[in-house]
Amino acid sequence: MLEKAIVIGGSIAGKLAAKALSHSFRQVIILEAGEKWEEKAPRKRVPQSYHPHVLLKGGEEAIEKLFPHFFHQLIEDGSIINNFTRDLKWHHFGSWKKRFSGELEMIQQSRPMLEWHLQHRIDQIPNITTDYETKVEQLLLDHQCNKISGVRVRSLKTGREKEILANVVIDASGFGSKSVEWLKSYDIEVKEEKVWIKLFYATRFFRLKNQNRPDWCNLLISPSFPENPYGAYIQMIEGNRFSITFSGYANESAPRTTEEFFSYAQKLPVPDVLHFLEQVEPISEIKIHTIPYQVRRRFDLATLPEGFLVVGDAHCRFDPVFGQGISVAAMEALELQRYFGNFAYPNKRFTKILHKRFSTFIATPWDMAITEAFRHPDITGEKPFIQPIKQWYSKKVYQLSASDPEIYLKLVRVMNLIRPPLHLFHPKVGFGILTNWKKRTNSKKSARSEN
């Protein structure tokens, strides 16, 4: 058994990573800059915790393996069970998806509730400790062996600094991670792939004025660039509450008042969100969060000091509208547990091996998000050469999935990170695209001949 691991950040990604390491290390220390947090409420240092979070099926399965019976506890505490294809009302590229009972049963709740239960489970693990109000200032390296040796930290209470030595250091400090800067101070360069989405999302919580609940758990209006640049998401959560979130890209103005909230709903291509707003009453203020860019940091391509790993948003910050971040972090944590569980004394190249594996988890959701982002004419970034082909094909899949349940299920499996993208290149999908193309071509020819 290895001696000590350090996790930078008590985020969801940090908690999951700490649990994964607790099986193979005598001591795991979480270094958290924020104060101790014990309530089912948003954390001060986590502004996104006011907004809805989606746990994809791949992430849900990973968390359940890390924390057995975890979702049974969430359900007992009021989490909502829903069927993805039946209980999600989804409008995309001009059409509503046909709703039906499918194979994916999902569990949903607010982020504070999810994080509170994770912290509760972490507190029960004797070899995990959390040092609150502690900020990591620098990585410590053994230059001779090109190996991590620990971190230098500063207490935010006293201002005192000290060094903490460890065999492994995991950075789970989120989007604002200093890893790239820390490594650069040691002349180690990490490539960053950025897509400047300039996104806002604005969320407010509501209760129904009466008991006439909708026949869905979630309602999603996806942006369909360039025709419809606006997005909306309504999510039902514990306590008979609903969150309504609007999103906009490329420096779109966020709604900040009740009147602006209604005005934004009027911009959407369908009136459903506006009608829902008329049936509910607000129980919170409007919270706004902005994301200038989504970024993928290529630690898998860099030569890093052995024993230093990066997970969660510190590794890759996705467009949060796609709801991929927590699920990818959970899958990364499960991979940590598997790797260190299989190797009492890890391979000397385990840092490279694990970052390569993390990269495979990141690739699909990253590709799906940037493929849609680059449809917007004002979103900039380095575009892959085959981007136009991906956009053409994915749009056809999205359109066909509205009316073909089998194709919809294939799309849902890939979106939920339980099947690879090749699942969408099944002959059934290709045949559907070809048949639909022929129908449209023949329809246009008939229209021209009648004229």
# chains A, B, ... in the order shown; residues from 1 in each chain; ligands from 1
$ closest_atom_pairs --of "stretch 250-328 of chain A" --to "stretch 344-366 of chain A" --cutoff "7 Å" --atoms "only C-alpha atoms" --output "JSON lines"
{"residue": "A:Phe299", "atom": "CA", "partner": "A:His355", "partner_atom": "CA", "distance": 6.4}
{"residue": "A:Asp300", "atom": "CA", "partner": "A:His355", "partner_atom": "CA", "distance": 4.8}
{"residue": "A:Glu306", "atom": "CA", "partner": "A:Thr351", "partner_atom": "CA", "distance": 5.6}
{"residue": "A:Gly307", "atom": "CA", "partner": "A:Thr351", "partner_atom": "CA", "distance": 5.9}
{"residue": "A:Phe308", "atom": "CA", "partner": "A:Thr351", "partner_atom": "CA", "distance": 6.6}
{"residue": "A:Leu309", "atom": "CA", "partner": "A:Thr351", "partner_atom": "CA", "distance": 6.4}
{"residue": "A:Phe318", "atom": "CA", "partner": "A:Trp366", "partner_atom": "CA", "distance": 6.5}
{"residue": "A:Gln324", "atom": "CA", "partner": "A:Pro365", "partner_atom": "CA", "distance": 6.7}
{"residue": "A:Val328", "atom": "CA", "partner": "A:Phe361", "partner_atom": "CA", "distance": 6.4}
$ closest_atom_pairs --of "stretch 294-412 of chain A" --to "stretch 39-48 of chain A" --cutoff "12 Å" --atoms "only C-alpha atoms" --output "Markdown table"
| residue | atom | partner | partner_atom | distance |
| --- | --- | --- | --- | --- |
| A:Pro320 | CA | A:Gln48 | CA | 9.3 |
| A:Val321 | CA | A:Gln48 | CA | 11.5 |
| A:Gly323 | CA | A:Gln48 | CA | 11.9 |
| A:Gly325 | CA | A:Gln48 | CA | 11.8 |
$ select_by_dssp --residues "stretch 175-222 of chain A" --states "strand (DSSP E)" --output "list of chain:residue names"
A:Glu192, A:Glu193, A:Lys194, A:Val195, A:Trp196, A:Leu199, A:Phe200, A:Tyr201, A:Ala202, A:Thr203, A:Arg204, A:Phe205, A:Phe206, A:Arg207, A:Leu208, A:Asn218, A:Leu219, A:Leu220, A:Ile221
$ residues_around --residues "A:Leu400" --least-positions-apart "2" --cutoff "12 Å" --atoms "only C-alpha atoms" --output "JSON list (two decimals) with C-alpha atoms, in the first residue's frame"
[["chain", "number", "residue", "atom", "x", "y", "z"],
["A", 92, "HIS", "CA", -34.01, 20.44, -31.35],
["A", 93, "PHE", "CA", -33.46, 21.49, -34.98],
["A", 94, "GLY", "CA", -37.09, 22.45, -35.39],
["A", 95, "SER", "CA", -38.72, 19.26, -34.05],
["A", 96, "TRP", "CA", -39.85, 17.63, -30.82],
["A", 97, "LYS", "CA", -38.42, 14.20, -30.10],
["A", 98, "LYS", "CA", -41.01, 11.45, -29.99],
["A", 393, "TYR", "CA", -23.77, 13.98, -40.16],
["A", 394, "SER", "CA", -24.64, 14.88, -36.57],
["A", 395, "LYS", "CA", -27.42, 17.20, -37.71],
["A", 396, "LYS", "CA", -28.93, 14.38, -39.77],
["A", 397, "VAL", "CA", -28.78, 12.09, -36.72],
["A", 398, "TYR", "CA", -30.42, 14.71, -34.49],
["A", 402, "ALA", "CA", -36.97, 13.04, -33.52],
["A", 403, "SER", "CA", -39.12, 10.46, -35.31],
["A", 404, "ASP", "CA", -37.13, 7.19, -35.19],
["A", 405, "PRO", "CA", -37.02, 5.66, -31.67],
["A", 406, "GLU", "CA", -34.18, 3.28, -32.53],
["A", 407, "ILE", "CA", -31.92, 6.09, -33.73],
["A", 408, "TYR", "CA", -32.94, 8.21, -30.74],
["A", 409, "LEU", "CA", -31.86, 5.42, -28.38],
["A", 410, "LYS", "CA", -28.49, 5.15, -30.13],
["A", 411, "LEU", "CA", -28.01, 8.90, -29.79],
["A", 424, "LEU", "CA", -24.02, 6.33, -34.38],
["A", 428, "LYS", "CA", -29.47, 1.44, -39.46],
["A", 429, "VAL", "CA", -28.49, 5.09, -38.98],
["A", 430, "GLY", "CA", -26.80, 5.35, -42.37],
["A", 431, "PHE", "CA", -29.79, 3.75, -44.07],
["A", 432, "GLY", "CA", -32.13, 6.17, -42.32],
["A", 433, "ILE", "CA", -30.10, 9.19, -43.46],
["A", 434, "LEU", "CA", -30.01, 7.90, -47.06],
["A", 435, "THR", "CA", -33.75, 7.12, -47.11],
["A", 436, "ASN", "CA", -34.61, 10.52, -45.66],
["A", 437, "TRP", "CA", -32.37, 12.23, -48.24]]
$ select_by_dssp --residues "stretch 105-345 of chain A" --states "alpha helix (DSSP H)" --output "ChimeraX atom specification"
/A:111-123,179-184,258-267,272-277,325-342
